[in-house]
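Peer 1: What follows is a structure written as structure tokens; I'll ask about it next.
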Amino acid sequence: MTVYDELVARGLIAQVTDEEEIKELINNGKATFYIGFDPTADSLHVGHFMALCLMKRLQMAGNKPIALVGGGTGMIGDPSGRTDMRTMMTVETIQHNCDCFKKQMSKFIDFSDGKALMVNNADWLMNLNYVELLREVGAHFSVNNMLRAECYKQRMEKGLSFLEFNYMIMQSYDFYTLYQKYGCNMQFGGDDQWSNMLGGTELIRRKLGKDAYAMTITLLLNSEGKKMGKTQSGAVWLDPAKTSPYEFYQYWRNVGDADVLKCLRMLTFLPLEQIDEMDHWEGSQLNQAKEILAFELTKLVHSEEEATKAQEASRALFAGGGNSENMPKSELTEADLTDGGIDILTLLVKTGLVNTKSEARRAVEQGGVVVDGEKVSDIKTVLAGEQLSGDGIVVRRGKKNFRKVILN
């Protein structure tokens with residue numbers, strides 16, 4: 001199976017500009033390709049994960065990745081898929097986020113010996129002269145076509161700022177610059193970036209008379225059509241300080257039955273033959289498939305050691321076996337106690353199992369709170385400090401949210 005055929009079989013490819021040329025380039029290791037990452041936070045998240053895995057796959061096949069960090073485009077903000085304008089960030093915040101990205105990307109991409117590049121579009125975008133840019137690039141963009149682009153449609157309803165309207169031109173200019181500086185002949189991105197990517201291929205054709213190519217990656221959606229990588233408390237981050245390895249593992253361990261095989265194909269590096277054998281799995285076998293998915297992805301992002309710890313903790317909670325030492329912990333001090341104890345509502349909030357006391361009250365009243373295997377039904381329940389000492393207690397909200405609570 002060729003590299004391109006495997007990408008198709010894994011369900012990764014959404015749209016391509018010239019399939020035969022793209023096949024030729026990536027199958028023979030001739031692609032110098034880029035994917036852009038705007039530094040909107042100080043960590044990459046699951047939404048970036050598939051792009052990083054694609055870069056790793058293609059690099060393993062001899063192609064050269066360019067990770068473009070959007071220090072310049074981040075000053076504007078991508079309107080794609082949004083109904084409101086992004087919060088403006090300071091130059092210092094953007095630089096800090098860029099630095100965090102490189103550290104995380106290095107786990108997926110080999111930047112040694114020129115095998116891959118990381119560049120920042122601030123290096124060329126921030127020094128552009130506005131009038132020169134209008135003359136050099138503006139003449140090649142049709143406003144009529146831009147307004148028909150999918151990335152602007154949602155924003156048109158509430159009002160699209162001229163600031164954001166420039167984003168397509170800036171992204172196109174990135175591709176144009178990378179083509180000239182590094183011989184970058186291909187751009188990959190999420191399927192919601194299609195219009196922006198076509199802008200780049202067209203600019204290269206008009207300005208340089210050369211062909212460049214674009215391919216979009218299938219968006220990671222669950223069976224209900226919603227983007228994956230979100231929880232009630234927010235995004236699932238790749239930074240262990242923001243989403244612990246255990247929480248990362250649990251996110252994938254809890255994916256829906258209808259989504260597990262799709263995630264295995266799209267995100268893991270397991271052979272397709274092995275995944276295809278799981279097609280007929282059902283019931284408890286699907287839980288085994290979810291464990292495999294969670295372990296493989298946690299190993300990719302955090303290390304095999306962290307994946308093993310997370311798996312042991314998960315089994316301790318759900319199967320009654322394994323090592324509970326790796327369970328996510330919340331540590332309390334004497335200052336958190338009142339008259340030597342802590343009421344259940346305060347405990348739930350302090351451990352992060354709920355956000356508010358009213359949410360905690362509902363959880364208790366609906367029978368969704370368990371302490372050391374015993375259901376708590378009284379919202380006035382108080383746990384003594386002695387109970388929290390030593391090995392502590394295990395508090396559960398719902399079926400999937402656990403904390404080991406220890407008093408220091």
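Residues are named by chain letter and number: chains run A, B, ... in the order of the structure tokens, numbers start at 1 in each chain, and ligands are numbered from 1 in the order shown.
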Each residue of range 142-251 of chain A lying at most 12 Å from range 264-284 of chain A should get a row with its shortest atom-to-atom pair and the distance in Å to one decimal, counting only C-alpha atoms; could you produce that, ordered by chain and increasing number, as JSON lines?
Peer 2:
```
{"residue": "A:Ile217", "atom": "CA", "partner": "A:Met266", "partner_atom": "CA", "distance": 10.1}
{"residue": "A:Thr218", "atom": "CA", "partner": "A:Met266", "partner_atom": "CA", "distance": 9.1}
{"residue": "A:Leu219", "atom": "CA", "partner": "A:Met266", "partner_atom": "CA", "distance": 10.2}
{"residue": "A:Leu220", "atom": "CA", "partner": "A:Met266", "partner_atom": "CA", "distance": 8.5}
{"residue": "A:Leu221", "atom": "CA", "partner": "A:Met266", "partner_atom": "CA", "distance": 11.2}
```
Peer 1: Convert the current residue selection to file output with all heavy atoms, as an mmCIF file, in the first residue's frame.
Peer 2:
```
data_model
loop_
_atom_site.group_PDB
_atom_site.id
_atom_site.type_symbol
_atom_site.label_atom_id
_atom_site.label_comp_id
_atom_site.auth_asym_id
_atom_site.auth_seq_id
_atom_site.Cartn_x
_atom_site.Cartn_y
_atom_site.Cartn_z
ATOM 1 N N ILE A 217 -7.310 17.846 5.537
ATOM 2 C CA ILE A 217 -7.451 16.677 6.401
ATOM 3 C C ILE A 217 -8.890 16.657 6.919
ATOM 4 O O ILE A 217 -9.447 17.699 7.285
ATOM 5 C CB ILE A 217 -6.490 16.775 7.599
ATOM 6 C CG1 ILE A 217 -5.081 17.154 7.135
ATOM 7 C CG2 ILE A 217 -6.462 15.484 8.385
ATOM 8 C CD1 ILE A 217 -4.196 17.674 8.248
ATOM 9 N N THR A 218 -9.467 15.480 6.960
ATOM 10 C CA THR A 218 -10.810 15.326 7.496
ATOM 11 C C THR A 218 -10.861 15.854 8.926
ATOM 12 O O THR A 218 -9.990 15.546 9.743
ATOM 13 C CB THR A 218 -11.209 13.838 7.503
ATOM 14 O OG1 THR A 218 -10.971 13.291 6.212
ATOM 15 C CG2 THR A 218 -12.675 13.666 7.871
ATOM 16 N N LEU A 219 -11.863 16.659 9.239
ATOM 17 C CA LEU A 219 -12.021 17.141 10.612
ATOM 18 C C LEU A 219 -12.390 15.967 11.518
ATOM 19 O O LEU A 219 -13.129 15.069 11.118
ATOM 20 C CB LEU A 219 -13.111 18.215 10.683
ATOM 21 C CG LEU A 219 -12.796 19.539 9.974
ATOM 22 C CD1 LEU A 219 -14.004 20.477 10.042
ATOM 23 C CD2 LEU A 219 -11.574 20.222 10.565
ATOM 24 N N LEU A 220 -11.868 15.984 12.734
ATOM 25 C CA LEU A 220 -12.131 14.902 13.688
ATOM 26 C C LEU A 220 -13.480 15.163 14.369
ATOM 27 O O LEU A 220 -13.579 15.933 15.321
ATOM 28 C CB LEU A 220 -11.004 14.832 14.718
ATOM 29 C CG LEU A 220 -11.016 13.627 15.655
ATOM 30 C CD1 LEU A 220 -10.911 12.324 14.865
ATOM 31 C CD2 LEU A 220 -9.875 13.716 16.659
ATOM 32 N N LEU A 221 -14.512 14.507 13.845
ATOM 33 C CA LEU A 221 -15.877 14.676 14.366
ATOM 34 C C LEU A 221 -16.355 13.368 14.965
ATOM 35 O O LEU A 221 -15.989 12.283 14.498
ATOM 36 C CB LEU A 221 -16.833 15.092 13.242
ATOM 37 C CG LEU A 221 -16.467 16.339 12.426
ATOM 38 C CD1 LEU A 221 -17.468 16.540 11.292
ATOM 39 C CD2 LEU A 221 -16.425 17.574 13.322
#
```
Peer 1: As a ChimeraX atom specification, please: every residue in range 158-357 of chain A that DSSP puts in strand (DSSP E or B).
Peer 2: /A:186-190,213-217,221,227,230-231,234-235,237,329-332,338,341-343
Peer 1: Produce a file of the selected residues containing N, CA and C atoms, as a compact mmCIF listing (two decimals), in the first residue's frame.
Peer 2:
```txt
# COMPACT_ATOMS: atom_id res chain seq x y z
N MET A 186 3.56 22.15 -1.19
CA MET A 186 2.27 21.62 -0.78
C MET A 186 1.87 22.17 0.59
N GLN A 187 0.56 22.39 0.76
CA GLN A 187 0.04 22.82 2.06
C GLN A 187 -1.05 21.85 2.49
N PHE A 188 -0.99 21.46 3.76
CA PHE A 188 -2.04 20.64 4.37
C PHE A 188 -2.72 21.46 5.46
N GLY A 189 -3.98 21.16 5.71
CA GLY A 189 -4.69 21.86 6.77
C GLY A 189 -6.05 21.24 6.99
N GLY A 190 -6.75 21.72 8.00
CA GLY A 190 -8.10 21.24 8.29
C GLY A 190 -9.04 21.56 7.14
N TYR A 213 0.31 22.70 -4.47
CA TYR A 213 -0.83 21.82 -4.23
C TYR A 213 -1.35 21.96 -2.80
N ALA A 214 -2.61 21.59 -2.63
CA ALA A 214 -3.23 21.68 -1.32
C ALA A 214 -4.05 20.42 -1.05
N MET A 215 -4.03 20.00 0.20
CA MET A 215 -4.84 18.86 0.63
C MET A 215 -5.40 19.14 2.01
N THR A 216 -6.68 18.91 2.19
CA THR A 216 -7.25 19.11 3.51
C THR A 216 -7.46 17.78 4.22
N ILE A 217 -7.31 17.85 5.54
CA ILE A 217 -7.45 16.68 6.40
C ILE A 217 -8.89 16.66 6.92
N LEU A 221 -14.51 14.51 13.85
CA LEU A 221 -15.88 14.68 14.37
C LEU A 221 -16.35 13.37 14.97
N LYS A 227 -17.20 18.40 16.83
CA LYS A 227 -15.74 18.31 16.89
C LYS A 227 -15.32 17.58 18.16
N LYS A 230 -13.17 18.14 22.99
CA LYS A 230 -13.76 19.07 23.95
C LYS A 230 -14.40 18.27 25.09
N THR A 231 -14.27 18.78 26.30
CA THR A 231 -14.96 18.21 27.45
C THR A 231 -15.79 19.31 28.10
N GLY A 234 -13.61 22.10 29.02
CA GLY A 234 -12.85 22.80 27.98
C GLY A 234 -12.09 21.85 27.08
N ALA A 235 -11.04 22.38 26.43
CA ALA A 235 -10.28 21.60 25.45
C ALA A 235 -9.45 20.51 26.13
N TRP A 237 -5.95 19.23 26.17
CA TRP A 237 -4.65 19.80 25.79
C TRP A 237 -3.59 18.72 25.72
N LYS A 329 -5.08 13.06 41.69
CA LYS A 329 -5.19 13.38 43.12
C LYS A 329 -5.56 14.84 43.34
N SER A 330 -6.23 15.08 44.44
CA SER A 330 -6.46 16.43 44.95
C SER A 330 -5.96 16.45 46.39
N GLU A 331 -5.09 17.41 46.70
CA GLU A 331 -4.53 17.49 48.04
C GLU A 331 -5.15 18.67 48.79
N LEU A 332 -5.62 18.40 50.00
CA LEU A 332 -6.20 19.43 50.86
C LEU A 332 -5.27 19.68 52.04
N THR A 338 -13.19 22.89 58.16
CA THR A 338 -13.94 23.72 59.11
C THR A 338 -14.33 22.81 60.28
N GLY A 341 -13.43 19.16 59.68
CA GLY A 341 -14.04 18.38 58.61
C GLY A 341 -14.34 19.25 57.40
N ILE A 342 -14.87 18.62 56.37
CA ILE A 342 -15.24 19.35 55.14
C ILE A 342 -16.53 18.77 54.60
N ASP A 343 -17.47 19.65 54.26
CA ASP A 343 -18.76 19.15 53.76
C ASP A 343 -18.62 18.69 52.31
```
Peer 1: When you look at Gln288 in chain A with a cut-off of 12 Å (counting only C-alpha atoms), what residues show up, excluding the ones that are within fewer than 2 positions of it in the same chain? I need them as a PyMOL selection string.
Peer 2: chain A and resi 252-254+257+260-261+278+281-286+290-295+311+315
Peer 1: Rounded to one decimal in Å, what is the spacing between CA of Gly114 in chain A and CA of Gly183 in chain A?
Peer 2: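 The value is 13.6 Å.
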Peer 1: Determine, for each residue of range 143-245 of chain A having at least one atom at most 9 Å from an atom of range 131-138 of chain A, the closest pair of atoms and their separation in Å to one decimal, counting only C-alpha atoms; order by chain and ascending number, as a tab-separated table.
Peer 2:
```
residue	atom	partner	partner_atom	distance
A:Ile169	CA	A:Val137	CA	7.7
A:Tyr173	CA	A:Val137	CA	7.8
A:Leu203	CA	A:Val137	CA	7.7
A:Lys207	CA	A:Val137	CA	8.5
```
Peer 1: Please provide as a list in words all residues within 7 Å of range 350-362 of chain A, with the sequence filter that same-chain residues fewer than 3 positions apart are discarded (counting only C-alpha atoms).
Peer 2: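 Non-adjacent residues within range: Ser330, Leu345, Thr346, Leu347, Glu365, Gln366, Ile379, Arg397 and Asn401 of chain A.
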Peer 1: Please dump the current selection as a compact mmCIF listing (two decimals), in the first residue's frame; keep N, CA and C atoms.
Peer 2:
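Generated file (result10.txt):
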```
# COMPACT_ATOMS: atom_id res chain seq x y z
N SER A 330 -6.23 15.08 44.44
CA SER A 330 -6.46 16.43 44.95
C SER A 330 -5.96 16.45 46.39
N LEU A 345 -20.26 19.20 49.57
CA LEU A 345 -20.39 20.16 48.47
C LEU A 345 -19.09 20.93 48.27
N THR A 346 -18.50 21.38 49.37
CA THR A 346 -17.22 22.09 49.29
C THR A 346 -16.13 21.18 48.74
N LEU A 347 -16.14 19.92 49.18
CA LEU A 347 -15.15 18.96 48.72
C LEU A 347 -15.22 18.77 47.20
N GLU A 365 -27.96 15.16 44.97
CA GLU A 365 -29.40 14.88 44.99
C GLU A 365 -29.82 13.87 43.92
N GLN A 366 -29.08 13.84 42.82
CA GLN A 366 -29.40 12.91 41.74
C GLN A 366 -28.70 11.56 41.90
N ILE A 379 -26.88 16.15 51.25
CA ILE A 379 -26.01 17.29 50.88
C ILE A 379 -25.30 17.88 52.09
N ARG A 397 -17.77 11.36 40.84
CA ARG A 397 -18.99 12.04 40.38
C ARG A 397 -19.36 11.44 39.03
N ASN A 401 -15.77 10.34 36.46
CA ASN A 401 -14.95 11.40 37.05
C ASN A 401 -14.55 11.02 38.48
```
Peer 1: Find the residue from A:Leu317, A:Ala116, A:Ala14, A:Leu44 that sits nearest to Asp99 in chain A; use only C-alpha atoms when measuring.
Peer 2: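 Closest to Asp99 in chain A of all the choices is A:Leu44.
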Peer 1: Range 141-143 of chain A: which residues within 10 Å, counting only C-alpha atoms, same-chain residues fewer than 6 positions away excluded, as a ChimeraX atom specification?
Peer 2: /A:149,165,168-169,199,202-203
Peer 1: Could you pull out the helix (DSSP H, G or I) residues of range 79-300 of chain A, going by DSSP on the backbone, and write them as a VMD selection string?
Peer 2: chain A and resid 91 to 105 112 to 114 122 to 125 130 to 136 138 to 140 143 to 148 150 to 158 162 to 165 167 to 182 191 to 208 245 to 253 260 to 267 272 to 280 284 to 300
Peer 1: For Lys399 in chain A, please output as number ranges by chain all residues within 12 Å (counting only C-alpha atoms; exclusion window: fewer than 2 positions along the same chain).
Peer 2: A: 250, 254, 314, 317-318, 353, 363, 367-370, 373, 395-397, 401-402
Peer 1: Selection from above, N, CA, C and O atoms, as an mmCIF file, in the first residue's frame, can you write it?
Peer 2:
```cif
data_model
loop_
_atom_site.group_PDB
_atom_site.id
_atom_site.type_symbol
_atom_site.label_atom_id
_atom_site.label_comp_id
_atom_site.auth_asym_id
_atom_site.auth_seq_id
_atom_site.Cartn_x
_atom_site.Cartn_y
_atom_site.Cartn_z
ATOM 1 N N GLN A 250 -8.267 9.037 29.767
ATOM 2 C CA GLN A 250 -9.697 8.825 30.022
ATOM 3 C C GLN A 250 -10.570 9.407 28.916
ATOM 4 O O GLN A 250 -11.621 8.853 28.579
ATOM 5 N N ASN A 254 -13.141 6.896 26.881
ATOM 6 C CA ASN A 254 -14.580 7.111 26.974
ATOM 7 C C ASN A 254 -15.229 7.524 25.658
ATOM 8 O O ASN A 254 -16.384 7.959 25.651
ATOM 9 N N SER A 314 -6.868 3.710 35.498
ATOM 10 C CA SER A 314 -8.194 3.532 34.918
ATOM 11 C C SER A 314 -8.767 2.171 35.281
ATOM 12 O O SER A 314 -9.937 2.046 35.656
ATOM 13 N N LEU A 317 -10.062 1.912 38.771
ATOM 14 C CA LEU A 317 -11.354 2.552 38.995
ATOM 15 C C LEU A 317 -12.505 1.773 38.369
ATOM 16 O O LEU A 317 -13.562 1.612 38.956
ATOM 17 N N PHE A 318 -12.291 1.263 37.159
ATOM 18 C CA PHE A 318 -13.403 0.686 36.408
ATOM 19 C C PHE A 318 -13.491 -0.830 36.485
ATOM 20 O O PHE A 318 -14.545 -1.394 36.291
ATOM 21 N N LEU A 353 -14.231 18.410 40.712
ATOM 22 C CA LEU A 353 -15.213 17.482 40.128
ATOM 23 C C LEU A 353 -16.467 18.217 39.673
ATOM 24 O O LEU A 353 -17.210 17.727 38.817
ATOM 25 N N ALA A 363 -25.643 17.102 41.835
ATOM 26 C CA ALA A 363 -24.988 15.803 41.672
ATOM 27 C C ALA A 363 -25.314 14.871 42.839
ATOM 28 O O ALA A 363 -25.607 13.682 42.640
ATOM 29 N N GLY A 367 -28.004 11.382 43.034
ATOM 30 C CA GLY A 367 -27.364 10.093 43.316
ATOM 31 C C GLY A 367 -26.090 9.852 42.535
ATOM 32 O O GLY A 367 -25.693 8.691 42.350
ATOM 33 N N GLY A 368 -25.439 10.932 42.100
ATOM 34 C CA GLY A 368 -24.255 10.768 41.258
ATOM 35 C C GLY A 368 -22.936 10.904 41.982
ATOM 36 O O GLY A 368 -21.889 10.984 41.340
ATOM 37 N N VAL A 369 -22.945 10.941 43.340
ATOM 38 C CA VAL A 369 -21.690 11.113 44.086
ATOM 39 C C VAL A 369 -21.448 9.892 44.973
ATOM 40 O O VAL A 369 -22.327 9.464 45.721
ATOM 41 N N VAL A 370 -20.245 9.335 44.851
ATOM 42 C CA VAL A 370 -19.873 8.139 45.617
ATOM 43 C C VAL A 370 -18.531 8.395 46.300
ATOM 44 O O VAL A 370 -17.595 8.894 45.673
ATOM 45 N N GLY A 373 -16.848 4.006 47.467
ATOM 46 C CA GLY A 373 -17.806 2.966 47.105
ATOM 47 C C GLY A 373 -19.189 3.135 47.692
ATOM 48 O O GLY A 373 -20.101 2.365 47.372
ATOM 49 N N VAL A 395 -13.242 9.823 45.606
ATOM 50 C CA VAL A 395 -14.548 10.461 45.375
ATOM 51 C C VAL A 395 -14.874 10.341 43.890
ATOM 52 O O VAL A 395 -14.026 10.612 43.030
ATOM 53 N N ARG A 396 -16.108 9.937 43.599
ATOM 54 C CA ARG A 396 -16.526 9.786 42.208
ATOM 55 C C ARG A 396 -17.775 10.620 41.947
ATOM 56 O O ARG A 396 -18.700 10.615 42.762
ATOM 57 N N ARG A 397 -17.773 11.361 40.835
ATOM 58 C CA ARG A 397 -18.989 12.037 40.376
ATOM 59 C C ARG A 397 -19.362 11.441 39.032
ATOM 60 O O ARG A 397 -18.578 11.486 38.083
ATOM 61 N N ASN A 401 -15.772 10.342 36.462
ATOM 62 C CA ASN A 401 -14.948 11.395 37.050
ATOM 63 C C ASN A 401 -14.553 11.025 38.478
ATOM 64 O O ASN A 401 -15.415 10.953 39.365
ATOM 65 N N PHE A 402 -13.253 10.794 38.691
ATOM 66 C CA PHE A 402 -12.729 10.345 39.966
ATOM 67 C C PHE A 402 -11.642 11.289 40.477
ATOM 68 O O PHE A 402 -10.937 11.907 39.695
#
```
Peer 1: Compile the contact shell of Tyr246 in chain A as number ranges by chain: residues with an atom at most 9 Å away, counting only C-alpha atoms, same-chain residues fewer than 4 positions apart removed.
Peer 2: A: 250-251, 298, 306-307, 309-311, 313-314, 326-328
Peer 1: What does the distance from CA of Gly11 in chain A to CA of Asp192 in chain A come to in Å, to one decimal?
Peer 2: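 Straight-line distance from CA of Gly11 in chain A to CA of Asp192 in chain A works out to 16.2 Å.
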Peer 1: Calculated over only C-alpha atoms, which of the candidates A:Val46, A:Val382, A:Ala139, A:Ala289 has the smallest distance to Arg206 in chain A?
Peer 2: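 With only C-alpha atoms as the atom set, the closest residue is A:Ala139.
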Peer 1: If you measure from CA of Leu388 in chain A to CA of Ile344 in chain A, what distance in Å do you get, rounded to one decimal?
Peer 2: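 A separation of 12.4 Å between them.
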